[in-house]
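Visitor: Next up is a structure, given as structure tokens.
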2 protein chains.
Amino acid sequence: MKLSKKSEYGLRALIELTQAHGTATLQRHEIAARQHIPVEFLEQILLALKRAGLLSSRRGMKGGYTLIKPPDEISLGQVIRILDGPLAPIGCVSKTAYQKCSDCPYANKSRCPVQSVMGTVRDAIAGILDHYTLADFAAGSPKG
Amino acid sequence: MKLSKKSEYGLRALIELTQAHGTATLQRHEIAARQHIPVEFLEQILLALKRAGLLSSRRGMKGGYTLIKPPDEISLGQVIRILDGPLAPIGCVSKTAYQKCSDCPYANKSRCPVQSVMGTVRDAIAGILDHYTLADFAAGSPKG
DNA sequence: TACTTCTTGATTAACTCAGTCGGATTCTAG
DNA sequence: CTAGAATCCGACTGAGTTAATCAAGAAGTA
């Protein structure tokens, strides 16, 4: 039940990029400095977000990173899935990365207690994180 | 955002112990066999639950484990906290194991975006898991 | 060409997870 | 009182993850 540093840093970096959206491109050291993130670690996070299509980047002097999509079309759920993997607490209730549980005696039965509870937990988490956009997030609003 | 095997096994073991509650005491190999859990791993789980005051045990022939409290007074949240630690995705929003975030630029400010979102996530998770009892769970009911 | 910045892949140290093992202790049965 | 059955307890291990760090390369700007 834990959010990795990677995701936390990623989200914090995206606050900066959201605030700069449309205005400026940010370099990794700027983001790192403002958000107290180790530069080289931040680097691989930004790269992952770029590969996932959220950011674009330019090299060389005057280079840096920019948000490629409007902040109100990116959910925190998407970001965390990119950096941390599925939101579901257990593979057999994941909607984006389902995995049959191997050793469960209830597997393939109509109802597994664990699956049932963890399914509702997954839905609760995803319900929050998939409806919370970067725009909400960067504005610090307690939910839209 | 993940439930460990330890907690999963623990919960499954408690299904058996709940069903046997008041009737019989169960030995680790019985639980292990019925729930497909490695016996020696199960052992340390049962021990932890015992130390936490949920189970009692007897040694020697005719020994085994019993639920010590009524199943409708034990929540899944309690169990998972014993085996996996706090439910909160991040230390600074945990109610049972709060920890100030060290490197966050918003620390001690009135509002941190991460803290705000993860706080609602924590509340959602705890809201489900702390109101779901072993009795509900073992009965397989889709929530009381 | 010189310099700056992103890009990529390798490497690392510390830690956690999932499980195993060996021996000690306590209980029952005979 | 002894044998055997069960829990108790701590140490250990191997694989994998986390959180970085490093070095070298590619691309853009002046």
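Within each chain, counting starts at residue 1; across the structure tokens, chains are named A, B, ... in the order shown, with ligands numbered 1 upward in that order.
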Just want the 12 Å neighbourhood of C:DA14, counted on only C-alpha atoms (C1' of nucleotides), with same-chain residues fewer than 6 positions away dropped. Output as JSON, numbers by chain.
Guide: {"D": [17, 18, 19, 20]}
Visitor: Grab the residues selected above and save them as a PDB file, in the first residue's frame with N, CA and C atoms (P, O5', C5', C4', C3', O3' and C1' of nucleotides).
Guide:
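As a result, result.pdb now contains:
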```pdb
ATOM      1  P    DT D  17      11.138  -7.112  -9.489  1.00  0.00           P
ATOM      2  O5'  DT D  17      11.346  -5.957  -8.408  1.00  0.00           O
ATOM      3  C5'  DT D  17      10.688  -6.077  -7.149  1.00  0.00           C
ATOM      4  C4'  DT D  17      11.016  -4.865  -6.306  1.00  0.00           C
ATOM      5  C3'  DT D  17      10.962  -3.542  -7.067  1.00  0.00           C
ATOM      6  O3'  DT D  17      10.168  -2.645  -6.305  1.00  0.00           O
ATOM      7  C1'  DT D  17      13.031  -3.775  -5.925  1.00  0.00           C
ATOM      8  P    DT D  18       9.858  -1.180  -6.800  1.00  0.00           P
ATOM      9  O5'  DT D  18      10.872  -0.289  -5.963  1.00  0.00           O
ATOM     10  C5'  DT D  18      11.175  -0.679  -4.635  1.00  0.00           C
ATOM     11  C4'  DT D  18      12.055   0.359  -3.984  1.00  0.00           C
ATOM     12  C3'  DT D  18      11.968   1.767  -4.539  1.00  0.00           C
ATOM     13  O3'  DT D  18      12.024   2.663  -3.446  1.00  0.00           O
ATOM     14  C1'  DT D  18      14.185   0.971  -4.741  1.00  0.00           C
ATOM     15  P    DA D  19      11.791   4.216  -3.685  1.00  0.00           P
ATOM     16  O5'  DA D  19      13.276   4.770  -3.808  1.00  0.00           O
ATOM     17  C5'  DA D  19      14.111   4.744  -2.659  1.00  0.00           C
ATOM     18  C4'  DA D  19      15.491   5.201  -3.041  1.00  0.00           C
ATOM     19  C3'  DA D  19      15.546   6.535  -3.812  1.00  0.00           C
ATOM     20  O3'  DA D  19      16.691   7.267  -3.373  1.00  0.00           O
ATOM     21  C1'  DA D  19      16.652   4.919  -5.021  1.00  0.00           C
ATOM     22  P    DA D  20      16.596   8.863  -3.331  1.00  0.00           P
ATOM     23  O5'  DA D  20      17.455   9.554  -4.454  1.00  0.00           O
ATOM     24  C5'  DA D  20      17.887   8.971  -5.687  1.00  0.00           C
ATOM     25  C4'  DA D  20      19.124   8.169  -5.481  1.00  0.00           C
ATOM     26  C3'  DA D  20      20.342   8.780  -6.114  1.00  0.00           C
ATOM     27  O3'  DA D  20      21.309   9.129  -5.146  1.00  0.00           O
ATOM     28  C1'  DA D  20      20.077   6.472  -6.733  1.00  0.00           C
TER      29       DA D  20
END
```
Visitor: Name the residues in contact with stretch 20-24 of chain C at a cut-off of 8 Å, using only C-alpha atoms (C1' of nucleotides), excluding same-chain residues fewer than 3 positions from it; report them as a list in words.
Guide: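 With the cut-off at 8 Å, the set is Glu40 of chain B; DC8, DC12 and DT13 of chain D.
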Visitor: Could you write out the selected residues, including N, CA and C atoms (P, O5', C5', C4', C3', O3' and C1' of nucleotides), as a compact mmCIF listing (two decimals), in the first residue's frame?
Guide:
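Written file, selection.txt:
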```txt
# COMPACT_ATOMS: atom_id res chain seq x y z
N GLU B 40 5.85 -23.06 6.70
CA GLU B 40 6.79 -22.31 7.54
C GLU B 40 6.59 -20.79 7.45
P DC D 8 2.69 -20.64 19.41
O5' DC D 8 4.28 -20.64 19.56
C5' DC D 8 4.84 -20.73 20.86
C4' DC D 8 6.34 -20.52 20.81
C3' DC D 8 6.79 -19.15 20.29
O3' DC D 8 7.60 -18.55 21.29
C1' DC D 8 8.01 -20.91 19.25
P DC D 12 22.94 -15.85 11.14
O5' DC D 12 22.42 -16.42 9.74
C5' DC D 12 22.11 -17.82 9.61
C4' DC D 12 21.38 -18.04 8.31
C3' DC D 12 21.96 -17.25 7.13
O3' DC D 12 22.52 -18.18 6.22
C1' DC D 12 19.56 -17.19 7.18
P DT D 13 23.46 -17.69 4.98
O5' DT D 13 22.41 -17.77 3.78
C5' DT D 13 21.56 -18.91 3.64
C4' DT D 13 20.55 -18.64 2.54
C3' DT D 13 21.13 -17.80 1.39
O3' DT D 13 20.88 -18.49 0.18
C1' DT D 13 19.06 -16.94 2.10
```
Visitor: Once you count only C-alpha atoms (C1' of nucleotides), what closest atom pair and distance in Å to one decimal does each residue of chain B within 10 Å of chain C have, with rows by chain and rising residue number, as a Markdown table?
Guide:
```
| residue | atom | partner | partner_atom | distance |
| --- | --- | --- | --- | --- |
| B:Ser4 | CA | C:DC17 | C1' | 8.0 |
| B:Lys5 | CA | C:DA18 | C1' | 7.6 |
| B:Lys6 | CA | C:DA18 | C1' | 8.2 |
| B:Pro38 | CA | C:DG19 | C1' | 7.9 |
| B:Val39 | CA | C:DG19 | C1' | 9.7 |
| B:Glu40 | CA | C:DT20 | C1' | 7.4 |
| B:Phe41 | CA | C:DG19 | C1' | 6.2 |
| B:Leu42 | CA | C:DG19 | C1' | 9.8 |
| B:Arg58 | CA | C:DC27 | C1' | 7.7 |
| B:Arg59 | CA | C:DC27 | C1' | 5.4 |
| B:Gly60 | CA | C:DC27 | C1' | 4.0 |
| B:Met61 | CA | C:DT28 | C1' | 5.4 |
| B:Lys62 | CA | C:DT28 | C1' | 7.4 |
| B:Gly63 | CA | C:DC27 | C1' | 7.7 |
```
Visitor: Take the residues just selected and output them with N, CA and C atoms as a PDB file, in the first residue's frame.
Guide:
```
ATOM      1  N   SER B   4       1.030  -7.332   0.333  1.00  0.00           N
ATOM      2  CA  SER B   4       2.051  -8.373   0.324  1.00  0.00           C
ATOM      3  C   SER B   4       1.420  -9.757   0.415  1.00  0.00           C
ATOM      4  N   LYS B   5       2.205 -10.753   0.040  1.00  0.00           N
ATOM      5  CA  LYS B   5       1.795 -12.146   0.199  1.00  0.00           C
ATOM      6  C   LYS B   5       1.482 -12.428   1.663  1.00  0.00           C
ATOM      7  N   LYS B   6       2.294 -11.834   2.504  1.00  0.00           N
ATOM      8  CA  LYS B   6       2.123 -12.028   3.936  1.00  0.00           C
ATOM      9  C   LYS B   6       0.703 -11.666   4.370  1.00  0.00           C
ATOM     10  N   PRO B  38       2.621 -21.975   2.131  1.00  0.00           N
ATOM     11  CA  PRO B  38       3.805 -22.667   2.653  1.00  0.00           C
ATOM     12  C   PRO B  38       3.780 -22.674   4.184  1.00  0.00           C
ATOM     13  N   VAL B  39       3.859 -23.850   4.775  1.00  0.00           N
ATOM     14  CA  VAL B  39       3.675 -23.987   6.218  1.00  0.00           C
ATOM     15  C   VAL B  39       4.571 -23.085   7.043  1.00  0.00           C
ATOM     16  N   GLU B  40       5.854 -23.064   6.697  1.00  0.00           N
ATOM     17  CA  GLU B  40       6.785 -22.305   7.538  1.00  0.00           C
ATOM     18  C   GLU B  40       6.588 -20.793   7.448  1.00  0.00           C
ATOM     19  N   PHE B  41       6.128 -20.385   6.300  1.00  0.00           N
ATOM     20  CA  PHE B  41       5.826 -18.962   6.138  1.00  0.00           C
ATOM     21  C   PHE B  41       4.571 -18.621   6.934  1.00  0.00           C
ATOM     22  N   LEU B  42       3.595 -19.502   6.834  1.00  0.00           N
ATOM     23  CA  LEU B  42       2.354 -19.312   7.574  1.00  0.00           C
ATOM     24  C   LEU B  42       2.623 -19.182   9.066  1.00  0.00           C
ATOM     25  N   ARG B  58      -2.044 -23.283  21.400  1.00  0.00           N
ATOM     26  CA  ARG B  58      -1.629 -24.314  22.355  1.00  0.00           C
ATOM     27  C   ARG B  58      -0.603 -25.190  21.678  1.00  0.00           C
ATOM     28  N   ARG B  59       0.409 -25.580  22.439  1.00  0.00           N
ATOM     29  CA  ARG B  59       1.453 -26.416  21.877  1.00  0.00           C
ATOM     30  C   ARG B  59       1.153 -27.885  22.129  1.00  0.00           C
ATOM     31  N   GLY B  60       1.999 -28.707  21.516  1.00  0.00           N
ATOM     32  CA  GLY B  60       1.891 -30.134  21.730  1.00  0.00           C
ATOM     33  C   GLY B  60       0.728 -30.755  20.988  1.00  0.00           C
ATOM     34  N   MET B  61       0.610 -32.033  21.136  1.00  0.00           N
ATOM     35  CA  MET B  61      -0.484 -32.758  20.504  1.00  0.00           C
ATOM     36  C   MET B  61      -1.817 -32.093  20.851  1.00  0.00           C
ATOM     37  N   LYS B  62      -2.715 -32.078  19.904  1.00  0.00           N
ATOM     38  CA  LYS B  62      -4.008 -31.413  20.062  1.00  0.00           C
ATOM     39  C   LYS B  62      -3.876 -29.903  20.206  1.00  0.00           C
ATOM     40  N   GLY B  63      -2.701 -29.411  19.859  1.00  0.00           N
ATOM     41  CA  GLY B  63      -2.496 -27.967  19.883  1.00  0.00           C
ATOM     42  C   GLY B  63      -3.064 -27.310  18.646  1.00  0.00           C
TER      43      GLY B  63
END
```
Visitor: May I ask which of the residues B:Ala48, B:Leu3, B:Val93, B:Ala13 is the closest one to chain D, counting only C-alpha atoms (C1' of nucleotides)?
Guide: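 When distances to chain D are compared using only C-alpha atoms (C1' of nucleotides), the smallest one comes from B:Ala48.
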Visitor: Give me every strand (DSSP E or B) residue in stretch 31-103 of chain B, going by DSSP on the backbone, as a list in words.
Guide: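 Listing strand (DSSP E or B) positions across stretch 31-103 of chain B yields Leu55, Ser56, Ser57, Arg58, Gly64, Tyr65, Thr66, Leu67 and Ser75 of chain B.
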Visitor: Can you pull out the residues contacting B:Glu30? Cut-off 12 Å, using only C-alpha atoms (C1' of nucleotides), and skip same-chain residues under 4 positions away; I want them as a PDB file with C-alpha atoms, in the first residue's frame.
Guide:
```
ATOM      1  CA  ALA B  13      -5.689 -18.053   7.131  1.00  0.00           C
ATOM      2  CA  GLU B  16     -10.331 -20.641   8.167  1.00  0.00           C
ATOM      3  CA  LEU B  17      -9.934 -19.572  11.767  1.00  0.00           C
ATOM      4  CA  ALA B  20     -13.673 -22.663  13.026  1.00  0.00           C
ATOM      5  CA  ALA B  24     -12.359 -26.095  16.872  1.00  0.00           C
ATOM      6  CA  THR B  25      -8.722 -25.140  17.013  1.00  0.00           C
ATOM      7  CA  LEU B  26      -6.751 -25.427  13.794  1.00  0.00           C
ATOM      8  CA  ARG B  34      -6.630 -25.768   2.863  1.00  0.00           C
ATOM      9  CA  GLN B  35      -5.342 -22.399   1.744  1.00  0.00           C
ATOM     10  CA  HIS B  36      -2.250 -23.495  -0.166  1.00  0.00           C
ATOM     11  CA  ILE B  37       0.195 -21.572   1.953  1.00  0.00           C
ATOM     12  CA  PRO B  38       3.805 -22.667   2.653  1.00  0.00           C
ATOM     13  CA  VAL B  39       3.675 -23.987   6.218  1.00  0.00           C
ATOM     14  CA  LEU B  42       2.354 -19.312   7.574  1.00  0.00           C
ATOM     15  CA  GLU B  43       3.915 -20.008  10.937  1.00  0.00           C
ATOM     16  CA  GLY B  63      -2.496 -27.967  19.883  1.00  0.00           C
ATOM     17  CA  GLY B  64      -3.228 -25.300  17.323  1.00  0.00           C
ATOM     18  CA  TYR B  65      -4.557 -21.811  16.884  1.00  0.00           C
TER      19      TYR B  65
END
```
Visitor: Tell me which protein, DNA and RNA residues are within 7 Å of stretch 53-56 of chain B, counting only C-alpha atoms (C1' of nucleotides), leaving out same-chain ones fewer than 4 positions away, and put them as a PDB file with C-alpha atoms, in the first residue's frame.
Guide:
```
ATOM      1  CA  LEU B  49      -1.140 -12.312  14.721  1.00  0.00           C
ATOM      2  CA  TYR B  65      -4.557 -21.811  16.884  1.00  0.00           C
ATOM      3  CA  THR B  66      -7.846 -20.158  17.775  1.00  0.00           C
ATOM      4  CA  LEU B  67      -9.333 -16.748  17.204  1.00  0.00           C
ATOM      5  CA  ILE B  68      -9.327 -14.982  20.528  1.00  0.00           C
ATOM      6  CA  LYS B  69     -11.751 -12.172  19.656  1.00  0.00           C
TER       7      LYS B  69
END
```
Visitor: What are the residues of chain D that have an atom within 6 Å of an atom of chain B, counting only C-alpha atoms (C1' of nucleotides), as a list in words?
Guide: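 Output check: DA5, DA6 and DT7 of chain D.
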